[in-house]
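Please read the structure below before turning to the comments.
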Amino acid sequence: MKIEAITLRELNMPLVHFFETSFGRTYSRRILLVTAHCDGVDGWGECVAGEDPFYSSEWVESAWPTIKHYLAPAVLGKSLNSARESAPLMARVRGHRMAKAALENAVWDAEARQKEQPLWRLLGGTRREIECGVSIGIQDSIDQLLQKIEIELAAGYRRIKVKVKPGWDVNVLERIRSRWSDIVLSCDANSAYTPDQVEHLRKFDQFNLLMIEQPLWNDDIYYHARLQRELRSAICLDESIRHARDAAAAIETGACRIINVKVGRVGGFTEALKVHEVCRLTNIPVWCGGMLESGIGRSHNVALSTLENFRLPGDVSASKRYWKEDIIDPEVKVSPQGMIAVRDVPGTGYRVREGLIEKLTVRKETIRAS
């Protein structure tokens with residue numbers, strides 16, 4: 001499989017409804033797509049870096065030149081036996097994991113298409129359907145949040161996750177639990193708290209949460225281990241887990257009982273598989289997190305979620321929750337039972353709507369081997 005060219009595209013896609021976390025509110029997404037042109041087959045990847053360097057130090061304006069000037073030249077013209085071989089070619093570049101993931105995952109898609117094999121099988125997945133949860137951002141009022149939860153529960157979703165921050169946490173969780181005492185509920189802090197708020201965080205224990213996701217600093221494991229000893233609720237780590245070594249350190253120190261695997265955050269499918277294996281061998285359940293992806297990134301999340309140890313409902317929800325019109329066909333759909341059926345079509349299992357992508361594209365560039 002020879003990588004002949006790489007095409008970068010930026011799309012502008014407005015969200016159906018704003019999404020707010022402790023970082024701020026998002027109304028639309030700048031979507032960075034990567035196409036790997038390999039021996040007449042095109043593989044597609046998506047860079048999940050945001051519009052701003054808030055969730056991560058990466059953002060769209062860092063990912064584009066990094067791919068153009070460093071990552072694409074590292075793989076262009078190379079003949080690979082498998083997509084896994086692209087990861088070490090890019091290893092000279094430190095960090096920039098979301099940029100690396102976009103390119104590597106496009107090559108995985110190309111390999112699956114060339115082999116006429118579903119991507120999920122190529123990754124080693126075993127599940128024929130995956131459980132779905134939803135992530136609901138901070139709203140203008142608690143009543144508005146409750147209305148959104150009611151809609152998602154009626155749609156069949158099996159886990160509700162709400163974003164929290166100081167001033168929008170205990171009172172919110174109280175209202176949710178007073179209305180729905182037995183739903184699977186978790187919360188995500190996106191690093192909004194500090195260790196001196198442990199007494200406040202202990203109040204979360206009364207709500208029978210599946211997990212509290214990333215309460216402390218985005219790069220921390222040590223203080224999460226101290227906090228986990230103080231809480232009955234399970235801590236789930238997200239931003240702190242950049243690779244399999246972080247996962248191993250977090251598990252050994254007792255910093256968490258659950259890990260969120262985001263394929264972009266860890267640098268691509270190759271490292272995501274390693275994180276999954278570390279957790280599987282230590283009986284730590286994992287689930288797939290979302291980054292407001294278009295259907296291309298979402299289809300990659302579906303494929304990853306078929307692996308054995310993805311035992312908890314992830315944030316892999318339906319396309320229509322985010323987009324009036326998605327860039328894949330068919331769109332990702334969730335059954336009334338809260339499940340996504342896994343498709344047996346080669347590659348991601350979804351057709352890329354190139355005409356719509358061209359219509360939404362605001363810039364485009366193809367890089368070829370010099």
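Going by the structure tokens order, chains are called A, B, ..., each with residues numbered from 1, while ligands are numbered from 1 in the order shown.
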Helix (DSSP H, G or I) residues, from DSSP on the backbone, in range 126-336 of chain A, as a VMD selection string: chain A and resid 142 to 154 170 to 179 195 to 207 222 to 230 244 to 253 269 to 281 295 to 304 319 to 321
For range 327-337 of chain A: contacts at 12 Å, only C-alpha atoms, fewer than 6 positions along chain excluded, given as a PDB file with N, CA and C atoms, in the first residue's frame:
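File written: part_36.pdb
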ATOM      1  N   LEU A  11     -13.780  22.156   6.719  1.00  0.00           N
ATOM      2  CA  LEU A  11     -15.198  22.369   6.525  1.00  0.00           C
ATOM      3  C   LEU A  11     -15.731  23.229   7.664  1.00  0.00           C
ATOM      4  N   ASN A  12     -16.772  23.966   7.395  1.00  0.00           N
ATOM      5  CA  ASN A  12     -17.489  24.670   8.459  1.00  0.00           C
ATOM      6  C   ASN A  12     -18.861  24.046   8.583  1.00  0.00           C
ATOM      7  N   MET A  13     -19.169  23.478   9.770  1.00  0.00           N
ATOM      8  CA  MET A  13     -20.431  22.788   9.981  1.00  0.00           C
ATOM      9  C   MET A  13     -21.108  23.321  11.239  1.00  0.00           C
ATOM     10  N   ILE A  31     -14.158  21.608  10.885  1.00  0.00           N
ATOM     11  CA  ILE A  31     -13.822  20.195  10.729  1.00  0.00           C
ATOM     12  C   ILE A  31     -12.644  20.065   9.770  1.00  0.00           C
ATOM     13  N   LEU A  33     -10.516  17.490   7.697  1.00  0.00           N
ATOM     14  CA  LEU A  33     -10.517  16.134   7.149  1.00  0.00           C
ATOM     15  C   LEU A  33      -9.200  15.854   6.437  1.00  0.00           C
ATOM     16  N   TRP A  44     -10.227   7.959   4.575  1.00  0.00           N
ATOM     17  CA  TRP A  44     -10.620   9.225   5.177  1.00  0.00           C
ATOM     18  C   TRP A  44     -10.400   9.228   6.685  1.00  0.00           C
ATOM     19  N   GLU A  46     -10.345  12.132  10.272  1.00  0.00           N
ATOM     20  CA  GLU A  46     -10.796  13.428  10.780  1.00  0.00           C
ATOM     21  C   GLU A  46      -9.924  13.854  11.953  1.00  0.00           C
ATOM     22  N   GLU A 129     -22.951  -4.840  17.607  1.00  0.00           N
ATOM     23  CA  GLU A 129     -23.661  -3.610  17.905  1.00  0.00           C
ATOM     24  C   GLU A 129     -23.043  -3.008  19.157  1.00  0.00           C
ATOM     25  N   ILE A 130     -23.150  -1.693  19.284  1.00  0.00           N
ATOM     26  CA  ILE A 130     -22.520  -1.031  20.419  1.00  0.00           C
ATOM     27  C   ILE A 130     -23.560  -0.224  21.192  1.00  0.00           C
ATOM     28  N   GLU A 131     -23.346  -0.144  22.513  1.00  0.00           N
ATOM     29  CA  GLU A 131     -24.238   0.621  23.391  1.00  0.00           C
ATOM     30  C   GLU A 131     -23.915   2.109  23.303  1.00  0.00           C
ATOM     31  N   CYS A 132     -24.946   2.913  23.320  1.00  0.00           N
ATOM     32  CA  CYS A 132     -24.758   4.355  23.133  1.00  0.00           C
ATOM     33  C   CYS A 132     -25.215   5.155  24.347  1.00  0.00           C
ATOM     34  N   GLY A 133     -24.421   6.149  24.695  1.00  0.00           N
ATOM     35  CA  GLY A 133     -24.809   7.142  25.677  1.00  0.00           C
ATOM     36  C   GLY A 133     -24.748   8.511  25.035  1.00  0.00           C
ATOM     37  N   VAL A 134     -25.131   9.523  25.775  1.00  0.00           N
ATOM     38  CA  VAL A 134     -25.055  10.890  25.256  1.00  0.00           C
ATOM     39  C   VAL A 134     -24.333  11.784  26.251  1.00  0.00           C
ATOM     40  N   ILE A 151     -35.675  13.999  26.353  1.00  0.00           N
ATOM     41  CA  ILE A 151     -35.659  13.677  24.926  1.00  0.00           C
ATOM     42  C   ILE A 151     -34.697  12.528  24.640  1.00  0.00           C
ATOM     43  N   GLU A 152     -33.508  12.572  25.239  1.00  0.00           N
ATOM     44  CA  GLU A 152     -32.501  11.539  24.966  1.00  0.00           C
ATOM     45  C   GLU A 152     -32.900  10.186  25.561  1.00  0.00           C
ATOM     46  N   LEU A 153     -33.513  10.192  26.724  1.00  0.00           N
ATOM     47  CA  LEU A 153     -33.989   8.941  27.310  1.00  0.00           C
ATOM     48  C   LEU A 153     -35.095   8.342  26.448  1.00  0.00           C
ATOM     49  N   ALA A 154     -35.972   9.176  25.930  1.00  0.00           N
ATOM     50  CA  ALA A 154     -37.040   8.692  25.056  1.00  0.00           C
ATOM     51  C   ALA A 154     -36.474   8.106  23.765  1.00  0.00           C
ATOM     52  N   ALA A 155     -35.312   8.621  23.341  1.00  0.00           N
ATOM     53  CA  ALA A 155     -34.666   8.111  22.129  1.00  0.00           C
ATOM     54  C   ALA A 155     -33.951   6.788  22.368  1.00  0.00           C
ATOM     55  N   GLY A 156     -33.852   6.356  23.641  1.00  0.00           N
ATOM     56  CA  GLY A 156     -33.280   5.048  23.939  1.00  0.00           C
ATOM     57  C   GLY A 156     -31.869   5.043  24.478  1.00  0.00           C
ATOM     58  N   TYR A 157     -31.245   6.206  24.633  1.00  0.00           N
ATOM     59  CA  TYR A 157     -29.852   6.225  25.074  1.00  0.00           C
ATOM     60  C   TYR A 157     -29.696   5.599  26.458  1.00  0.00           C
ATOM     61  N   ARG A 158     -28.601   4.847  26.623  1.00  0.00           N
ATOM     62  CA  ARG A 158     -28.423   3.995  27.798  1.00  0.00           C
ATOM     63  C   ARG A 158     -27.605   4.625  28.912  1.00  0.00           C
ATOM     64  N   ARG A 159     -27.057   5.796  28.676  1.00  0.00           N
ATOM     65  CA  ARG A 159     -26.304   6.503  29.705  1.00  0.00           C
ATOM     66  C   ARG A 159     -26.374   7.989  29.421  1.00  0.00           C
ATOM     67  N   GLU A 293     -17.530  15.097  16.508  1.00  0.00           N
ATOM     68  CA  GLU A 293     -17.053  14.711  15.188  1.00  0.00           C
ATOM     69  C   GLU A 293     -18.158  14.752  14.133  1.00  0.00           C
ATOM     70  N   SER A 294     -17.737  14.927  12.898  1.00  0.00           N
ATOM     71  CA  SER A 294     -18.615  14.666  11.772  1.00  0.00           C
ATOM     72  C   SER A 294     -18.768  13.154  11.624  1.00  0.00           C
ATOM     73  N   GLY A 295     -19.530  12.745  10.624  1.00  0.00           N
ATOM     74  CA  GLY A 295     -19.756  11.313  10.443  1.00  0.00           C
ATOM     75  C   GLY A 295     -18.495  10.519  10.184  1.00  0.00           C
ATOM     76  N   ILE A 296     -17.455  11.147   9.639  1.00  0.00           N
ATOM     77  CA  ILE A 296     -16.210  10.415   9.373  1.00  0.00           C
ATOM     78  C   ILE A 296     -15.542  10.021  10.684  1.00  0.00           C
ATOM     79  N   GLY A 297     -15.344  10.989  11.562  1.00  0.00           N
ATOM     80  CA  GLY A 297     -14.779  10.657  12.874  1.00  0.00           C
ATOM     81  C   GLY A 297     -15.701   9.763  13.676  1.00  0.00           C
ATOM     82  N   ARG A 298     -16.997   9.978  13.553  1.00  0.00           N
ATOM     83  CA  ARG A 298     -17.984   9.175  14.289  1.00  0.00           C
ATOM     84  C   ARG A 298     -17.928   7.706  13.847  1.00  0.00           C
ATOM     85  N   SER A 299     -17.763   7.489  12.538  1.00  0.00           N
ATOM     86  CA  SER A 299     -17.680   6.109  12.044  1.00  0.00           C
ATOM     87  C   SER A 299     -16.424   5.415  12.563  1.00  0.00           C
ATOM     88  N   HIS A 300     -15.349   6.160  12.756  1.00  0.00           N
ATOM     89  CA  HIS A 300     -14.139   5.590  13.363  1.00  0.00           C
ATOM     90  C   HIS A 300     -14.402   5.210  14.816  1.00  0.00           C
ATOM     91  N   ASN A 301     -15.171   6.048  15.528  1.00  0.00           N
ATOM     92  CA  ASN A 301     -15.508   5.729  16.912  1.00  0.00           C
ATOM     93  C   ASN A 301     -16.368   4.479  17.005  1.00  0.00           C
ATOM     94  N   VAL A 302     -17.280   4.319  16.057  1.00  0.00           N
ATOM     95  CA  VAL A 302     -18.098   3.103  16.028  1.00  0.00           C
ATOM     96  C   VAL A 302     -17.209   1.878  15.881  1.00  0.00           C
ATOM     97  N   ALA A 303     -16.264   1.942  14.952  1.00  0.00           N
ATOM     98  CA  ALA A 303     -15.366   0.801  14.719  1.00  0.00           C
ATOM     99  C   ALA A 303     -14.546   0.481  15.968  1.00  0.00           C
ATOM    100  N   ASP A 315     -19.861   7.843  23.997  1.00  0.00           N
ATOM    101  CA  ASP A 315     -20.490   9.075  23.507  1.00  0.00           C
ATOM    102  C   ASP A 315     -20.716   9.010  21.998  1.00  0.00           C
ATOM    103  N   VAL A 316     -20.876   7.804  21.471  1.00  0.00           N
ATOM    104  CA  VAL A 316     -21.047   7.625  20.026  1.00  0.00           C
ATOM    105  C   VAL A 316     -22.530   7.672  19.719  1.00  0.00           C
ATOM    106  N   SER A 317     -23.071   8.866  19.614  1.00  0.00           N
ATOM    107  CA  SER A 317     -24.516   9.025  19.427  1.00  0.00           C
ATOM    108  C   SER A 317     -24.844   9.300  17.963  1.00  0.00           C
ATOM    109  N   ALA A 318     -26.120   9.492  17.681  1.00  0.00           N
ATOM    110  CA  ALA A 318     -26.601   9.622  16.307  1.00  0.00           C
ATOM    111  C   ALA A 318     -26.156  10.925  15.660  1.00  0.00           C
ATOM    112  N   SER A 319     -25.963  10.875  14.352  1.00  0.00           N
ATOM    113  CA  SER A 319     -25.572  12.068  13.594  1.00  0.00           C
ATOM    114  C   SER A 319     -26.544  13.219  13.816  1.00  0.00           C
ATOM    115  N   LYS A 320     -27.833  12.913  13.872  1.00  0.00           N
ATOM    116  CA  LYS A 320     -28.845  13.969  13.920  1.00  0.00           C
ATOM    117  C   LYS A 320     -28.803  14.778  15.212  1.00  0.00           C
ATOM    118  N   ARG A 321     -28.128  14.286  16.248  1.00  0.00           N
ATOM    119  CA  ARG A 321     -27.999  15.070  17.475  1.00  0.00           C
ATOM    120  C   ARG A 321     -27.127  16.301  17.255  1.00  0.00           C
ATOM    121  N   ARG A 343     -21.794  -2.125  10.719  1.00  0.00           N
ATOM    122  CA  ARG A 343     -21.976  -2.472   9.308  1.00  0.00           C
ATOM    123  C   ARG A 343     -20.814  -3.319   8.786  1.00  0.00           C
ATOM    124  N   VAL A 345     -19.791  -3.381   5.597  1.00  0.00           N
ATOM    125  CA  VAL A 345     -19.260  -2.811   4.370  1.00  0.00           C
ATOM    126  C   VAL A 345     -17.762  -2.521   4.550  1.00  0.00           C
ATOM    127  N   THR A 348     -14.940   2.046   6.688  1.00  0.00           N
ATOM    128  CA  THR A 348     -15.716   2.456   7.864  1.00  0.00           C
ATOM    129  C   THR A 348     -17.135   1.913   7.838  1.00  0.00           C
ATOM    130  N   GLY A 349     -17.605   1.505   6.651  1.00  0.00           N
ATOM    131  CA  GLY A 349     -18.982   1.030   6.528  1.00  0.00           C
ATOM    132  C   GLY A 349     -19.942   2.106   6.079  1.00  0.00           C
ATOM    133  N   TYR A 350     -19.428   3.319   5.877  1.00  0.00           N
ATOM    134  CA  TYR A 350     -20.260   4.447   5.471  1.00  0.00           C
ATOM    135  C   TYR A 350     -19.653   5.105   4.229  1.00  0.00           C
ATOM    136  N   ARG A 351     -20.504   5.525   3.304  1.00  0.00           N
ATOM    137  CA  ARG A 351     -20.048   6.198   2.092  1.00  0.00           C
ATOM    138  C   ARG A 351     -19.815   7.678   2.397  1.00  0.00           C
ATOM    139  N   VAL A 352     -18.672   8.168   1.987  1.00  0.00           N
ATOM    140  CA  VAL A 352     -18.352   9.583   2.163  1.00  0.00           C
ATOM    141  C   VAL A 352     -19.068  10.392   1.084  1.00  0.00           C
ATOM    142  N   ARG A 353     -19.792  11.407   1.491  1.00  0.00           N
ATOM    143  CA  ARG A 353     -20.548  12.256   0.559  1.00  0.00           C
ATOM    144  C   ARG A 353     -19.631  13.372   0.049  1.00  0.00           C
ATOM    145  N   GLU A 354     -18.844  13.033  -0.958  1.00  0.00           N
ATOM    146  CA  GLU A 354     -17.822  13.964  -1.429  1.00  0.00           C
ATOM    147  C   GLU A 354     -18.426  15.240  -2.004  1.00  0.00           C
ATOM    148  N   GLY A 355     -19.598  15.150  -2.629  1.00  0.00           N
ATOM    149  CA  GLY A 355     -20.242  16.345  -3.159  1.00  0.00           C
ATOM    150  C   GLY A 355     -20.602  17.335  -2.071  1.00  0.00           C
ATOM    151  N   LEU A 356     -21.166  16.834  -0.973  1.00  0.00           N
ATOM    152  CA  LEU A 356     -21.515  17.700   0.150  1.00  0.00           C
ATOM    153  C   LEU A 356     -20.254  18.246   0.808  1.00  0.00           C
ATOM    154  N   ILE A 357     -19.227  17.416   0.899  1.00  0.00           N
ATOM    155  CA  ILE A 357     -17.966  17.865   1.490  1.00  0.00           C
ATOM    156  C   ILE A 357     -17.388  19.024   0.688  1.00  0.00           C
ATOM    157  N   GLU A 358     -17.399  18.911  -0.639  1.00  0.00           N
ATOM    158  CA  GLU A 358     -16.889  20.001  -1.477  1.00  0.00           C
ATOM    159  C   GLU A 358     -17.693  21.280  -1.262  1.00  0.00           C
ATOM    160  N   LYS A 359     -18.999  21.131  -1.090  1.00  0.00           N
ATOM    161  CA  LYS A 359     -19.871  22.291  -0.876  1.00  0.00           C
ATOM    162  C   LYS A 359     -19.544  22.989   0.440  1.00  0.00           C
ATOM    163  N   LEU A 360     -19.173  22.198   1.469  1.00  0.00           N
ATOM    164  CA  LEU A 360     -18.904  22.752   2.792  1.00  0.00           C
ATOM    165  C   LEU A 360     -17.445  23.183   2.980  1.00  0.00           C
ATOM    166  N   THR A 361     -16.591  22.830   2.025  1.00  0.00           N
ATOM    167  CA  THR A 361     -15.153  23.087   2.163  1.00  0.00           C
ATOM    168  C   THR A 361     -14.832  24.570   2.022  1.00  0.00           C
TER     169      THR A 361
END
Would you give me, as a PyMOL selection string, the residues in range 103-337 of chain A that DSSP reads as strand (DSSP E or B)? chain A and resi 118+129-132+134-136+160-163+165+168+185-188+212-213+235-237+258-261+286-288+310+314+328-329
I want to know what sits within 8 Å of range 34-38 of chain A, based on only C-alpha atoms, with residues of the same chain fewer than 6 positions away left out; could you give that as a PyMOL selection string? chain A and resi 1-9+44-47+102-103+106-107+110
Limited to C-alpha atoms, could you put the picked residues into a file as a tab-separated table (two decimals), in the first residue's frame?
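Done, and the output landed in part.tsv:
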chain	number	residue	atom	x	y	z
A	1	MET	CA	0.00	0.00	0.00
A	2	LYS	CA	1.77	3.11	-1.27
A	3	ILE	CA	0.74	6.53	0.04
A	4	GLU	CA	0.74	8.68	-3.07
A	5	ALA	CA	-0.83	11.93	-1.82
A	6	ILE	CA	-2.55	13.53	1.16
A	7	THR	CA	-5.45	15.98	0.85
A	8	LEU	CA	-6.41	18.37	3.66
A	9	ARG	CA	-9.83	19.99	3.80
A	44	TRP	CA	-10.62	9.23	5.18
A	45	GLY	CA	-9.68	10.54	8.60
A	46	GLU	CA	-10.80	13.43	10.78
A	47	CYS	CA	-8.70	15.63	13.03
A	102	ALA	CA	-6.18	12.06	11.51
A	103	LEU	CA	-3.52	10.89	9.09
A	106	ALA	CA	-7.12	7.69	7.09
A	107	VAL	CA	-4.48	5.10	6.25
A	110	ALA	CA	-7.55	2.90	3.09
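Straight-line separation from CA of Met291 in chain A to CA of Arg229 in chain A: 29.2 Å.
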Need the shell around Gly125 in chain A: protein/DNA/RNA residues with any atom at most 8 Å away, counting only C-alpha atoms. Skip same-chain ones fewer than 2 positions apart. Format as a VMD selection string? chain A and resid 120 to 123 127 303 to 308
Near Val198 in chain A, counting only C-alpha atoms, which residues have an atom at most 10 Å away, once you skip same-chain residues fewer than 2 positions from it, shown as a PyMOL selection string? chain A and resi 193-196+200-203+226-228+230-231
Would you export the selected residues with C-alpha atoms as a PDB file, in the first residue's frame, please?
ATOM      1  CA  TYR A 193     -11.952  21.438  40.050  1.00  0.00           C
ATOM      2  CA  THR A 194      -8.878  21.465  42.293  1.00  0.00           C
ATOM      3  CA  PRO A 195      -7.811  19.207  45.197  1.00  0.00           C
ATOM      4  CA  ASP A 196      -8.867  21.776  47.796  1.00  0.00           C
ATOM      5  CA  HIS A 200     -17.403  19.571  47.695  1.00  0.00           C
ATOM      6  CA  LEU A 201     -16.624  16.654  45.360  1.00  0.00           C
ATOM      7  CA  ARG A 202     -17.609  14.193  48.109  1.00  0.00           C
ATOM      8  CA  LYS A 203     -21.163  15.511  47.734  1.00  0.00           C
ATOM      9  CA  ARG A 226      -5.207  11.015  45.960  1.00  0.00           C
ATOM     10  CA  LEU A 227      -8.728  12.165  45.149  1.00  0.00           C
ATOM     11  CA  GLN A 228      -9.938   8.687  44.176  1.00  0.00           C
ATOM     12  CA  GLU A 230     -11.363  10.108  49.110  1.00  0.00           C
ATOM     13  CA  LEU A 231     -14.397   9.332  46.930  1.00  0.00           C
TER      14      LEU A 231
END
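Reported to one decimal place, the separation of CA of Thr21 in chain A from CA of Ala192 in chain A is 9.5 Å.
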Identify which of the residues A:Ala49, A:Gly24, A:Lys100, A:Leu32 lies closest to Val164 in chain A, counting only C-alpha atoms when measuring atom-to-atom distances.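 Using only C-alpha atoms, the shortest distance to Val164 in chain A belongs to A:Gly24.
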Where does range 245-327 of chain A meet range 56-71 of chain A within 12 Å, residue by residue, with the nearest atom pair and distance in Å to one decimal for each, counting only C-alpha atoms, listed by chain and rising number, as JSON lines?
{"residue": "A:Gly264", "atom": "CA", "partner": "A:Ser56", "partner_atom": "CA", "distance": 10.7}
{"residue": "A:Arg265", "atom": "CA", "partner": "A:Ser56", "partner_atom": "CA", "distance": 8.5}
{"residue": "A:Val266", "atom": "CA", "partner": "A:Ser56", "partner_atom": "CA", "distance": 11.5}
{"residue": "A:Gly267", "atom": "CA", "partner": "A:Glu58", "partner_atom": "CA", "distance": 11.8}
{"residue": "A:Met291", "atom": "CA", "partner": "A:Ser56", "partner_atom": "CA", "distance": 11.3}
Judged by only C-alpha atoms, the minimum distance to Arg368 in chain A among A:Ala72, A:His17, A:Ala225, A:Ile160 is found for A:Ala72
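Of the residues under consideration (A:Val362, A:Thr270, A:Arg257, A:Tyr222), A:Arg257 shows the shortest atom-to-atom contact distance to Leu237 in chain A when counting only C-alpha atoms.
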Asn218 in chain A: which residues within 7 Å, counting only C-alpha atoms, same-chain residues fewer than 6 positions away excluded, as a PDB file with N, CA and C atoms, in the first residue's frame?
ATOM      1  N   SER A 191     -11.723  19.067  33.944  1.00  0.00           N
ATOM      2  CA  SER A 191     -10.659  19.709  34.748  1.00  0.00           C
ATOM      3  C   SER A 191     -11.104  20.991  35.447  1.00  0.00           C
ATOM      4  N   GLU A 239      -8.537  13.437  29.588  1.00  0.00           N
ATOM      5  CA  GLU A 239      -7.418  14.212  29.080  1.00  0.00           C
ATOM      6  C   GLU A 239      -6.058  13.731  29.588  1.00  0.00           C
ATOM      7  N   SER A 240      -6.008  13.144  30.778  1.00  0.00           N
ATOM      8  CA  SER A 240      -4.729  12.706  31.352  1.00  0.00           C
ATOM      9  C   SER A 240      -4.121  11.509  30.617  1.00  0.00           C
TER      10      SER A 240
END
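Of the listed residues (A:Ala249, A:Leu185, A:Ile138, A:Val41), A:Ile138 comes nearest to Trp168 in chain A; the distances count only C-alpha atoms.
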Which residue, A:Asp326, A:Glu271, A:Glu150, A:Asp344, has the smallest gap to Ser86 in chain A when you use only C-alpha atoms?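 Checking each candidate against Ser86 in chain A, we get A:Glu271 as the closest.
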